[in-house]
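Raw contents of coords-v9.cif, mmCIF, C-alpha atoms:
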```cif
data_query
#
loop_
_atom_site.label_atom_id
_atom_site.label_comp_id
_atom_site.auth_asym_id
_atom_site.auth_seq_id
_atom_site.Cartn_x
_atom_site.Cartn_y
_atom_site.Cartn_z
CA MET A 1 15.16 -71.90 -44.40
CA ASN A 2 18.12 -69.93 -45.69
CA LEU A 3 19.10 -66.28 -45.32
CA ALA A 4 21.49 -64.02 -47.22
CA LEU A 5 22.71 -60.91 -45.37
CA ILE A 6 24.29 -57.85 -46.96
CA GLY A 7 24.94 -54.63 -45.08
CA GLY A 8 25.57 -50.99 -45.74
CA ASN A 9 28.68 -49.34 -47.13
CA SER A 10 30.33 -48.28 -43.87
CA LEU A 11 32.71 -50.62 -42.06
CA LYS A 12 30.60 -50.19 -38.91
CA ASN A 13 28.09 -52.46 -40.65
CA LYS A 14 30.44 -55.42 -40.31
CA PRO A 15 29.90 -55.93 -36.54
CA TRP A 16 26.23 -55.00 -37.00
CA LEU A 17 25.87 -57.84 -39.53
CA GLU A 18 27.38 -60.24 -37.00
CA GLU A 19 24.76 -59.12 -34.46
CA VAL A 20 22.03 -59.61 -37.05
CA LYS A 21 23.37 -63.06 -37.94
CA LYS A 22 23.40 -64.06 -34.28
CA ALA A 23 19.83 -62.81 -33.77
CA MET A 24 18.64 -64.58 -36.93
CA SER A 25 20.39 -67.89 -36.21
CA GLU A 26 17.43 -69.28 -34.26
CA TYR A 27 15.18 -68.83 -37.30
CA TYR A 28 17.41 -69.93 -40.20
CA ASP A 29 19.38 -73.09 -40.96
CA ASN A 30 21.96 -71.49 -43.22
CA ILE A 31 23.05 -67.83 -43.20
CA VAL A 32 25.44 -66.29 -45.71
CA VAL A 33 26.96 -62.92 -44.77
CA HIS A 34 28.53 -60.85 -47.53
CA ILE A 35 31.77 -59.10 -46.52
CA TYR A 36 32.60 -56.21 -48.84
CA SER A 37 35.96 -56.22 -50.54
CA HIS A 38 36.43 -52.48 -49.88
CA TRP A 39 36.26 -53.20 -46.14
CA GLU A 40 39.11 -55.68 -46.51
CA ARG A 41 41.18 -53.14 -48.47
CA GLY A 42 40.49 -50.27 -46.05
CA GLU A 43 38.63 -48.22 -48.66
CA THR A 44 35.60 -46.08 -47.82
CA LEU A 45 33.29 -46.65 -50.80
CA LEU A 46 31.99 -49.87 -52.31
CA ASP A 47 31.94 -50.60 -56.03
CA ILE A 48 28.34 -51.67 -56.71
CA GLU A 49 29.18 -53.51 -59.93
CA LYS A 50 32.05 -55.47 -58.37
CA GLU A 51 30.15 -56.27 -55.17
CA SER A 52 27.11 -57.37 -57.19
CA ASP A 53 29.25 -59.93 -58.99
CA LEU A 54 30.83 -61.15 -55.74
CA PHE A 55 27.49 -61.35 -53.92
CA ALA A 56 25.86 -63.26 -56.79
CA LYS A 57 28.76 -65.74 -56.79
CA GLU A 58 28.32 -66.35 -53.03
CA LEU A 59 24.64 -67.15 -53.57
CA GLU A 60 24.87 -69.22 -56.77
CA ASN A 61 24.35 -72.54 -54.94
CA MET A 62 21.79 -71.25 -52.45
CA SER A 63 18.11 -71.93 -53.08
CA ASP A 64 14.91 -70.92 -51.34
CA TYR A 65 16.41 -68.02 -49.41
CA THR A 66 15.30 -64.74 -47.96
CA LEU A 67 17.48 -61.73 -48.70
CA PHE A 68 18.07 -59.26 -45.85
CA ALA A 69 19.77 -56.09 -47.07
CA LYS A 70 20.57 -52.81 -45.36
CA SER A 71 21.34 -49.48 -46.96
CA ALA A 72 23.88 -49.74 -49.81
CA GLY A 73 23.43 -53.51 -49.69
CA ILE A 74 19.92 -52.91 -51.02
CA MET A 75 21.39 -51.28 -54.12
CA VAL A 76 23.85 -54.15 -54.62
CA ALA A 77 21.03 -56.69 -54.20
CA LEU A 78 18.65 -54.81 -56.51
CA ARG A 79 21.28 -54.72 -59.22
CA CYS A 80 21.75 -58.49 -58.87
CA ILE A 81 17.99 -59.09 -58.95
CA ASN A 82 17.50 -56.80 -61.94
CA GLU A 83 20.28 -58.55 -63.84
CA LYS A 84 18.78 -61.93 -62.84
CA LYS A 85 21.97 -62.96 -61.04
CA ILE A 86 20.11 -63.84 -57.84
CA SER A 87 16.57 -65.04 -57.13
CA PRO A 88 15.55 -64.64 -53.50
CA SER A 89 12.09 -65.86 -52.57
CA LYS A 90 11.58 -62.77 -50.37
CA CYS A 91 13.44 -59.55 -49.59
CA ILE A 92 13.73 -57.45 -46.46
CA PHE A 93 15.12 -53.96 -47.10
CA VAL A 94 16.21 -52.01 -44.02
CA GLY A 95 17.16 -48.35 -44.30
CA THR A 96 16.69 -47.85 -48.03
CA PRO A 97 19.35 -45.21 -48.86
CA ILE A 98 17.68 -43.08 -51.53
CA TYR A 99 19.65 -39.86 -50.93
CA TRP A 100 22.96 -41.74 -50.64
CA ALA A 101 22.28 -43.59 -53.89
CA LYS A 102 21.45 -40.34 -55.67
CA ASP A 103 24.67 -38.79 -54.32
CA GLN A 104 26.59 -41.79 -55.69
CA LYS A 105 24.79 -41.41 -59.04
CA VAL A 106 23.31 -44.90 -58.79
CA ASN A 107 20.55 -45.29 -61.37
CA PHE A 108 18.18 -47.29 -59.17
CA ASP A 109 14.68 -46.26 -60.28
CA GLU A 110 14.31 -49.06 -62.83
CA TRP A 111 15.64 -51.60 -60.33
CA PHE A 112 12.80 -50.72 -57.96
CA LYS A 113 10.20 -50.49 -60.74
CA ASN A 114 11.11 -54.02 -61.89
CA LEU A 115 10.99 -55.49 -58.36
CA ASN A 116 8.32 -58.19 -58.22
CA ILE A 117 9.62 -60.28 -55.30
CA PRO A 118 7.61 -60.05 -52.06
CA THR A 119 9.48 -57.35 -50.13
CA LEU A 120 9.30 -55.94 -46.63
CA PHE A 121 10.57 -52.37 -46.34
CA ILE A 122 11.64 -51.26 -42.86
CA GLN A 123 12.56 -47.60 -42.44
CA HIS A 124 13.09 -45.30 -39.47
CA ASP A 125 10.55 -42.48 -39.48
CA GLN A 126 13.32 -39.87 -39.69
CA ASP A 127 16.10 -41.87 -41.36
CA PRO A 128 18.49 -39.26 -42.83
CA THR A 129 18.74 -41.23 -46.10
CA ILE A 130 14.96 -40.83 -46.58
CA SER A 131 12.08 -40.64 -44.13
CA SER A 132 9.59 -43.48 -43.90
CA VAL A 133 6.82 -41.21 -45.25
CA ASP A 134 8.87 -40.18 -48.30
CA LEU A 135 10.01 -43.75 -49.00
CA LYS A 136 6.42 -44.94 -48.82
CA LYS A 137 5.47 -42.32 -51.46
CA LEU A 138 8.32 -43.45 -53.73
CA ILE A 139 7.26 -47.09 -53.42
CA GLN A 140 3.81 -46.08 -54.62
CA GLU A 141 5.28 -44.03 -57.49
CA TRP A 142 7.42 -47.00 -58.55
CA GLY A 143 4.32 -49.20 -58.56
CA ILE A 144 5.71 -51.84 -56.21
CA ASN A 145 2.60 -53.78 -55.27
CA ASN A 146 3.97 -56.94 -53.71
CA HIS A 147 5.31 -55.35 -50.52
CA GLU A 148 4.75 -54.59 -46.89
CA PHE A 149 6.01 -51.48 -45.15
CA ILE A 150 6.98 -50.88 -41.53
CA GLY A 151 8.00 -47.47 -40.25
CA LEU A 152 9.95 -47.61 -36.99
CA PRO A 153 10.50 -44.71 -34.62
CA GLY A 154 14.01 -43.36 -34.98
CA ASP A 155 16.13 -40.65 -36.53
CA THR A 156 19.27 -42.60 -37.42
CA HIS A 157 20.42 -44.86 -40.21
CA ASP A 158 22.01 -47.31 -37.75
CA TYR A 159 19.08 -49.66 -36.96
CA PRO A 160 20.27 -50.93 -33.57
CA GLU A 161 16.97 -52.79 -32.90
CA VAL A 162 18.47 -56.07 -34.12
CA GLU A 163 16.16 -58.40 -32.13
CA GLU A 164 13.08 -56.61 -33.48
CA LEU A 165 14.46 -56.81 -37.03
CA ALA A 166 15.04 -60.55 -36.56
CA LYS A 167 11.46 -61.11 -35.42
CA LEU A 168 10.01 -59.02 -38.26
CA THR A 169 12.19 -60.86 -40.77
CA ASN A 170 11.14 -64.26 -39.46
CA GLN A 171 7.45 -63.31 -39.51
CA PHE A 172 7.68 -62.03 -43.08
CA SER A 173 9.77 -64.99 -44.30
CA SER A 174 7.42 -67.54 -42.73
CA ASN A 175 4.27 -66.19 -44.42
#
```
Show this structure as structure tokens.
Amino acid sequence: MNLALIGGNSLKNKPWLEEVKKAMSEYYDNIVVHIYSHWERGETLLDIEKESDLFAKELENMSDYTLFAKSAGIMVALRCINEKKISPSKCIFVGTPIYWAKDQKVNFDEWFKNLNIPTLFIQHDQDPTISSVDLKKLIQEWGINNHEFIGLPGDTHDYPEVEELAKLTNQFSSN
């Protein structure tokens, strides 16, 4: 099985992605980790359009893969999926950043409404980018039927429970 990893906007996601990759390595044969170009340039904000193109290019020869995205990486991935640039067999979205995306003026509603890939949403109960309860309501409003939802205790957007995320991802990917 293959896995594509894409993290959040902040540079602190880079070492977090390495932890996730290490935790996931026992479950997946091939893991691709997207490194944002704005991290390399020392900038603070990603360009969703540019990163979507770069991410799609990294995955163009990968087949039968699960997509694991956190925060802003979800928006990059959704754009790619909506534009039919990538075709994961399943998605795991951790820390869906609704308030951040609205602040960045990302027009994401249609991306979610068009999502028909089996998707696992994992959200801290009190994530500052949107609570698990409020995200669950939005998922219903968007009409996303092919999904599972897990609310985890927590009030941060950091998601340090990497081993638990790896197990949940493996369980969802294997079904």
key: Selection as a VMD selection string: residues within 8 Å of (7.8, -44.3, -38.8), counting only C-alpha atoms   = chain A and resid 123 to 126 131 to 133 150 to 154
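In terms of minimum interatomic distance to A:Lys90, A:Leu3 ranks closest within A:Leu3, A:Ala23, A:Leu17, A:Ile31, counting all atoms listed in the file.
Using only C-alpha atoms, the shortest contact distance between A:Tyr99 and any of A:Glu60, A:Asp127, A:Glu83, A:Glu148 is found at A:Asp127.
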task = Calculate how many Å separate atom CA of A:Glu164 from atom CA of A:Asp134, rounding to one decimal.
result = 22.5 Å
key: Residues within 9 Å of (16.3, -69.4, -49.4), file coords, all atoms listed in the file, listed as a ChimeraX atom specification   = /A:1-4,30,62-67,87-90
message = Set the distance at 8 Å and use all atoms listed in the file: which residues neighbour A:Ile144 once local chain neighbours fewer than 6 positions away are removed? I'd like the list as a list in words.
response = Phe112, Lys113, Leu115 and Asn116 of chain A
Just the selected residues (C-alpha atoms), exported as an mmCIF file, keeping the file's coordinate frame, please.
```cif
data_model
loop_
_atom_site.group_PDB
_atom_site.id
_atom_site.type_symbol
_atom_site.label_atom_id
_atom_site.label_comp_id
_atom_site.auth_asym_id
_atom_site.auth_seq_id
_atom_site.Cartn_x
_atom_site.Cartn_y
_atom_site.Cartn_z
ATOM 1 C CA PHE A 112 12.800 -50.720 -57.960
ATOM 2 C CA LYS A 113 10.200 -50.490 -60.740
ATOM 3 C CA LEU A 115 10.990 -55.490 -58.360
ATOM 4 C CA ASN A 116 8.320 -58.190 -58.220
#
```
inquiry  = So that I can check the surroundings of A:Leu59, please list as a count of residues only every protein, DNA and RNA residue that reaches within 9 Å of it, counting only C-alpha atoms and ignoring chain neighbours fewer than 5 positions away.
reply    = 5
request  = Would you please work out which residue, of A:Lys70, A:Arg41, A:Lys84, A:Lys22, is nearest to A:Asp53 when using only C-alpha atoms?
outcome  = A:Lys84
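With all atoms listed in the file as the basis for measurement, A:Arg79 is the residue among A:Lys102, A:His34, A:Lys136, A:Arg79 that approaches A:Asn114 most closely.
Nearest to A:Leu45 of all the residues A:Met24, A:Val33, A:Ala101, A:Leu78 is A:Ala101, counting only C-alpha atoms.
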Selection result for the PyMOL selection byres ((chain A and resi 11) around 10) on this file, as a PyMOL selection string = chain A and resi 7-10+12-16+35-36+38-40+42-45
message = Quick one: residues within 10 Å of A:Ile92, only C-alpha atoms, excluding same-chain residues fewer than 5 positions away - as an MDAnalysis selection string?
response = chainID A and resid 5 66:70 74 118:122 147:149 165 168:169 172:173
request  = For the file shown, report as a ChimeraX atom specification the outcome of the PyMOL selection byres ((chain A and resi 159) around 8) at residue level.
outcome  = /A:94-95,124,156-158,160-162
note = Counting all atoms listed in the file, the residue among A:Leu46, A:Asn170, A:Lys21, A:Ile117 that lies closest to A:Asn145 is A:Ile117
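You will find atom CA of A:Glu26 at 11.2 Å from atom CA of A:Glu163.
Note that atom CA of A:Ile48 and atom CA of A:Val76 are 5.5 Å apart.
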Who sits within 7 Å of A:Thr129, only C-alpha atoms, same chain under 5 positions skipped, as a list in words = Pro97, Ile98, Tyr99 and Trp100 of chain A
Please complete stretch 133-144 of chain A with all heavy atoms and give it back as a PDB file, in the coordinates of the input.
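result-v8.pdb, written as the output of this step:
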```
ATOM      1  N   VAL A 133       7.937 -41.782 -44.483  1.00  0.00           N
ATOM      2  CA  VAL A 133       6.820 -41.210 -45.250  1.00  0.00           C
ATOM      3  C   VAL A 133       7.232 -41.011 -46.713  1.00  0.00           C
ATOM      4  O   VAL A 133       6.492 -41.375 -47.638  1.00  0.00           O
ATOM      5  CB  VAL A 133       6.347 -39.886 -44.622  1.00  0.00           C
ATOM      6  CG1 VAL A 133       5.370 -39.160 -45.529  1.00  0.00           C
ATOM      7  CG2 VAL A 133       5.723 -40.137 -43.255  1.00  0.00           C
ATOM      8  N   ASP A 134       8.413 -40.429 -46.927  1.00  0.00           N
ATOM      9  CA  ASP A 134       8.870 -40.180 -48.300  1.00  0.00           C
ATOM     10  C   ASP A 134       9.183 -41.473 -49.047  1.00  0.00           C
ATOM     11  O   ASP A 134       8.917 -41.580 -50.246  1.00  0.00           O
ATOM     12  CB  ASP A 134      10.085 -39.254 -48.302  1.00  0.00           C
ATOM     13  CG  ASP A 134       9.719 -37.817 -47.913  1.00  0.00           C
ATOM     14  OD1 ASP A 134       8.519 -37.469 -47.957  1.00  0.00           O
ATOM     15  OD2 ASP A 134      10.640 -37.052 -47.558  1.00  0.00           O
ATOM     16  N   LEU A 135       9.744 -42.463 -48.352  1.00  0.00           N
ATOM     17  CA  LEU A 135      10.010 -43.750 -49.000  1.00  0.00           C
ATOM     18  C   LEU A 135       8.695 -44.419 -49.395  1.00  0.00           C
ATOM     19  O   LEU A 135       8.583 -44.961 -50.496  1.00  0.00           O
ATOM     20  CB  LEU A 135      10.822 -44.670 -48.085  1.00  0.00           C
ATOM     21  CG  LEU A 135      11.118 -46.050 -48.661  1.00  0.00           C
ATOM     22  CD1 LEU A 135      11.898 -45.957 -49.979  1.00  0.00           C
ATOM     23  CD2 LEU A 135      11.879 -46.896 -47.648  1.00  0.00           C
ATOM     24  N   LYS A 136       7.720 -44.351 -48.531  1.00  0.00           N
ATOM     25  CA  LYS A 136       6.420 -44.940 -48.820  1.00  0.00           C
ATOM     26  C   LYS A 136       5.819 -44.325 -50.100  1.00  0.00           C
ATOM     27  O   LYS A 136       5.267 -45.028 -50.945  1.00  0.00           O
ATOM     28  CB  LYS A 136       5.484 -44.746 -47.631  1.00  0.00           C
ATOM     29  CG  LYS A 136       4.383 -45.738 -47.535  1.00  0.00           C
ATOM     30  CD  LYS A 136       3.676 -45.581 -46.194  1.00  0.00           C
ATOM     31  CE  LYS A 136       2.814 -46.781 -45.942  1.00  0.00           C
ATOM     32  NZ  LYS A 136       2.145 -46.746 -44.666  1.00  0.00           N
ATOM     33  N   LYS A 137       5.956 -43.011 -50.256  1.00  0.00           N
ATOM     34  CA  LYS A 137       5.470 -42.320 -51.460  1.00  0.00           C
ATOM     35  C   LYS A 137       6.207 -42.816 -52.701  1.00  0.00           C
ATOM     36  O   LYS A 137       5.599 -43.057 -53.748  1.00  0.00           O
ATOM     37  CB  LYS A 137       5.653 -40.806 -51.323  1.00  0.00           C
ATOM     38  CG  LYS A 137       4.695 -40.154 -50.369  1.00  0.00           C
ATOM     39  CD  LYS A 137       4.994 -38.660 -50.269  1.00  0.00           C
ATOM     40  CE  LYS A 137       4.230 -38.017 -49.129  1.00  0.00           C
ATOM     41  NZ  LYS A 137       4.650 -36.617 -48.927  1.00  0.00           N
ATOM     42  N   LEU A 138       7.537 -42.962 -52.586  1.00  0.00           N
ATOM     43  CA  LEU A 138       8.320 -43.450 -53.730  1.00  0.00           C
ATOM     44  C   LEU A 138       7.911 -44.866 -54.125  1.00  0.00           C
ATOM     45  O   LEU A 138       7.816 -45.179 -55.316  1.00  0.00           O
ATOM     46  CB  LEU A 138       9.821 -43.431 -53.404  1.00  0.00           C
ATOM     47  CG  LEU A 138      10.555 -42.141 -53.645  1.00  0.00           C
ATOM     48  CD1 LEU A 138      12.014 -42.273 -53.216  1.00  0.00           C
ATOM     49  CD2 LEU A 138      10.470 -41.705 -55.085  1.00  0.00           C
ATOM     50  N   ILE A 139       7.684 -45.714 -53.147  1.00  0.00           N
ATOM     51  CA  ILE A 139       7.260 -47.090 -53.420  1.00  0.00           C
ATOM     52  C   ILE A 139       5.962 -47.087 -54.220  1.00  0.00           C
ATOM     53  O   ILE A 139       5.804 -47.858 -55.173  1.00  0.00           O
ATOM     54  CB  ILE A 139       7.137 -47.898 -52.109  1.00  0.00           C
ATOM     55  CG1 ILE A 139       8.528 -48.136 -51.514  1.00  0.00           C
ATOM     56  CG2 ILE A 139       6.410 -49.219 -52.338  1.00  0.00           C
ATOM     57  CD1 ILE A 139       8.517 -48.671 -50.087  1.00  0.00           C
ATOM     58  N   GLN A 140       5.064 -46.206 -53.866  1.00  0.00           N
ATOM     59  CA  GLN A 140       3.810 -46.080 -54.620  1.00  0.00           C
ATOM     60  C   GLN A 140       4.069 -45.578 -56.034  1.00  0.00           C
ATOM     61  O   GLN A 140       3.506 -46.097 -56.994  1.00  0.00           O
ATOM     62  CB  GLN A 140       2.834 -45.152 -53.888  1.00  0.00           C
ATOM     63  CG  GLN A 140       2.265 -45.766 -52.625  1.00  0.00           C
ATOM     64  CD  GLN A 140       1.406 -44.792 -51.836  1.00  0.00           C
ATOM     65  OE1 GLN A 140       1.570 -43.580 -51.904  1.00  0.00           O
ATOM     66  NE2 GLN A 140       0.482 -45.347 -51.056  1.00  0.00           N
ATOM     67  N   GLU A 141       4.944 -44.565 -56.166  1.00  0.00           N
ATOM     68  CA  GLU A 141       5.280 -44.030 -57.490  1.00  0.00           C
ATOM     69  C   GLU A 141       5.917 -45.099 -58.378  1.00  0.00           C
ATOM     70  O   GLU A 141       5.673 -45.143 -59.581  1.00  0.00           O
ATOM     71  CB  GLU A 141       6.239 -42.842 -57.365  1.00  0.00           C
ATOM     72  CG  GLU A 141       5.591 -41.587 -56.859  1.00  0.00           C
ATOM     73  CD  GLU A 141       6.604 -40.463 -56.651  1.00  0.00           C
ATOM     74  OE1 GLU A 141       7.674 -40.457 -57.305  1.00  0.00           O
ATOM     75  OE2 GLU A 141       6.323 -39.594 -55.807  1.00  0.00           O
ATOM     76  N   TRP A 142       6.760 -45.943 -57.797  1.00  0.00           N
ATOM     77  CA  TRP A 142       7.420 -47.000 -58.550  1.00  0.00           C
ATOM     78  C   TRP A 142       6.453 -48.124 -58.914  1.00  0.00           C
ATOM     79  O   TRP A 142       6.770 -48.979 -59.739  1.00  0.00           O
ATOM     80  CB  TRP A 142       8.596 -47.582 -57.776  1.00  0.00           C
ATOM     81  CG  TRP A 142       9.781 -46.677 -57.655  1.00  0.00           C
ATOM     82  CD1 TRP A 142      10.263 -45.815 -58.604  1.00  0.00           C
ATOM     83  CD2 TRP A 142      10.650 -46.558 -56.530  1.00  0.00           C
ATOM     84  NE1 TRP A 142      11.370 -45.167 -58.129  1.00  0.00           N
ATOM     85  CE2 TRP A 142      11.639 -45.607 -56.854  1.00  0.00           C
ATOM     86  CE3 TRP A 142      10.694 -47.162 -55.291  1.00  0.00           C
ATOM     87  CZ2 TRP A 142      12.660 -45.244 -55.993  1.00  0.00           C
ATOM     88  CZ3 TRP A 142      11.709 -46.798 -54.410  1.00  0.00           C
ATOM     89  CH2 TRP A 142      12.677 -45.852 -54.762  1.00  0.00           C
ATOM     90  N   GLY A 143       5.308 -48.159 -58.266  1.00  0.00           N
ATOM     91  CA  GLY A 143       4.320 -49.200 -58.560  1.00  0.00           C
ATOM     92  C   GLY A 143       4.663 -50.553 -57.968  1.00  0.00           C
ATOM     93  O   GLY A 143       4.275 -51.581 -58.528  1.00  0.00           O
ATOM     94  N   ILE A 144       5.377 -50.564 -56.862  1.00  0.00           N
ATOM     95  CA  ILE A 144       5.710 -51.840 -56.210  1.00  0.00           C
ATOM     96  C   ILE A 144       4.483 -52.290 -55.429  1.00  0.00           C
ATOM     97  O   ILE A 144       4.123 -51.683 -54.419  1.00  0.00           O
ATOM     98  CB  ILE A 144       6.931 -51.697 -55.274  1.00  0.00           C
ATOM     99  CG1 ILE A 144       8.150 -51.210 -56.047  1.00  0.00           C
ATOM    100  CG2 ILE A 144       7.224 -53.028 -54.574  1.00  0.00           C
ATOM    101  CD1 ILE A 144       9.339 -50.859 -55.165  1.00  0.00           C
TER     102      ILE A 144
END
```
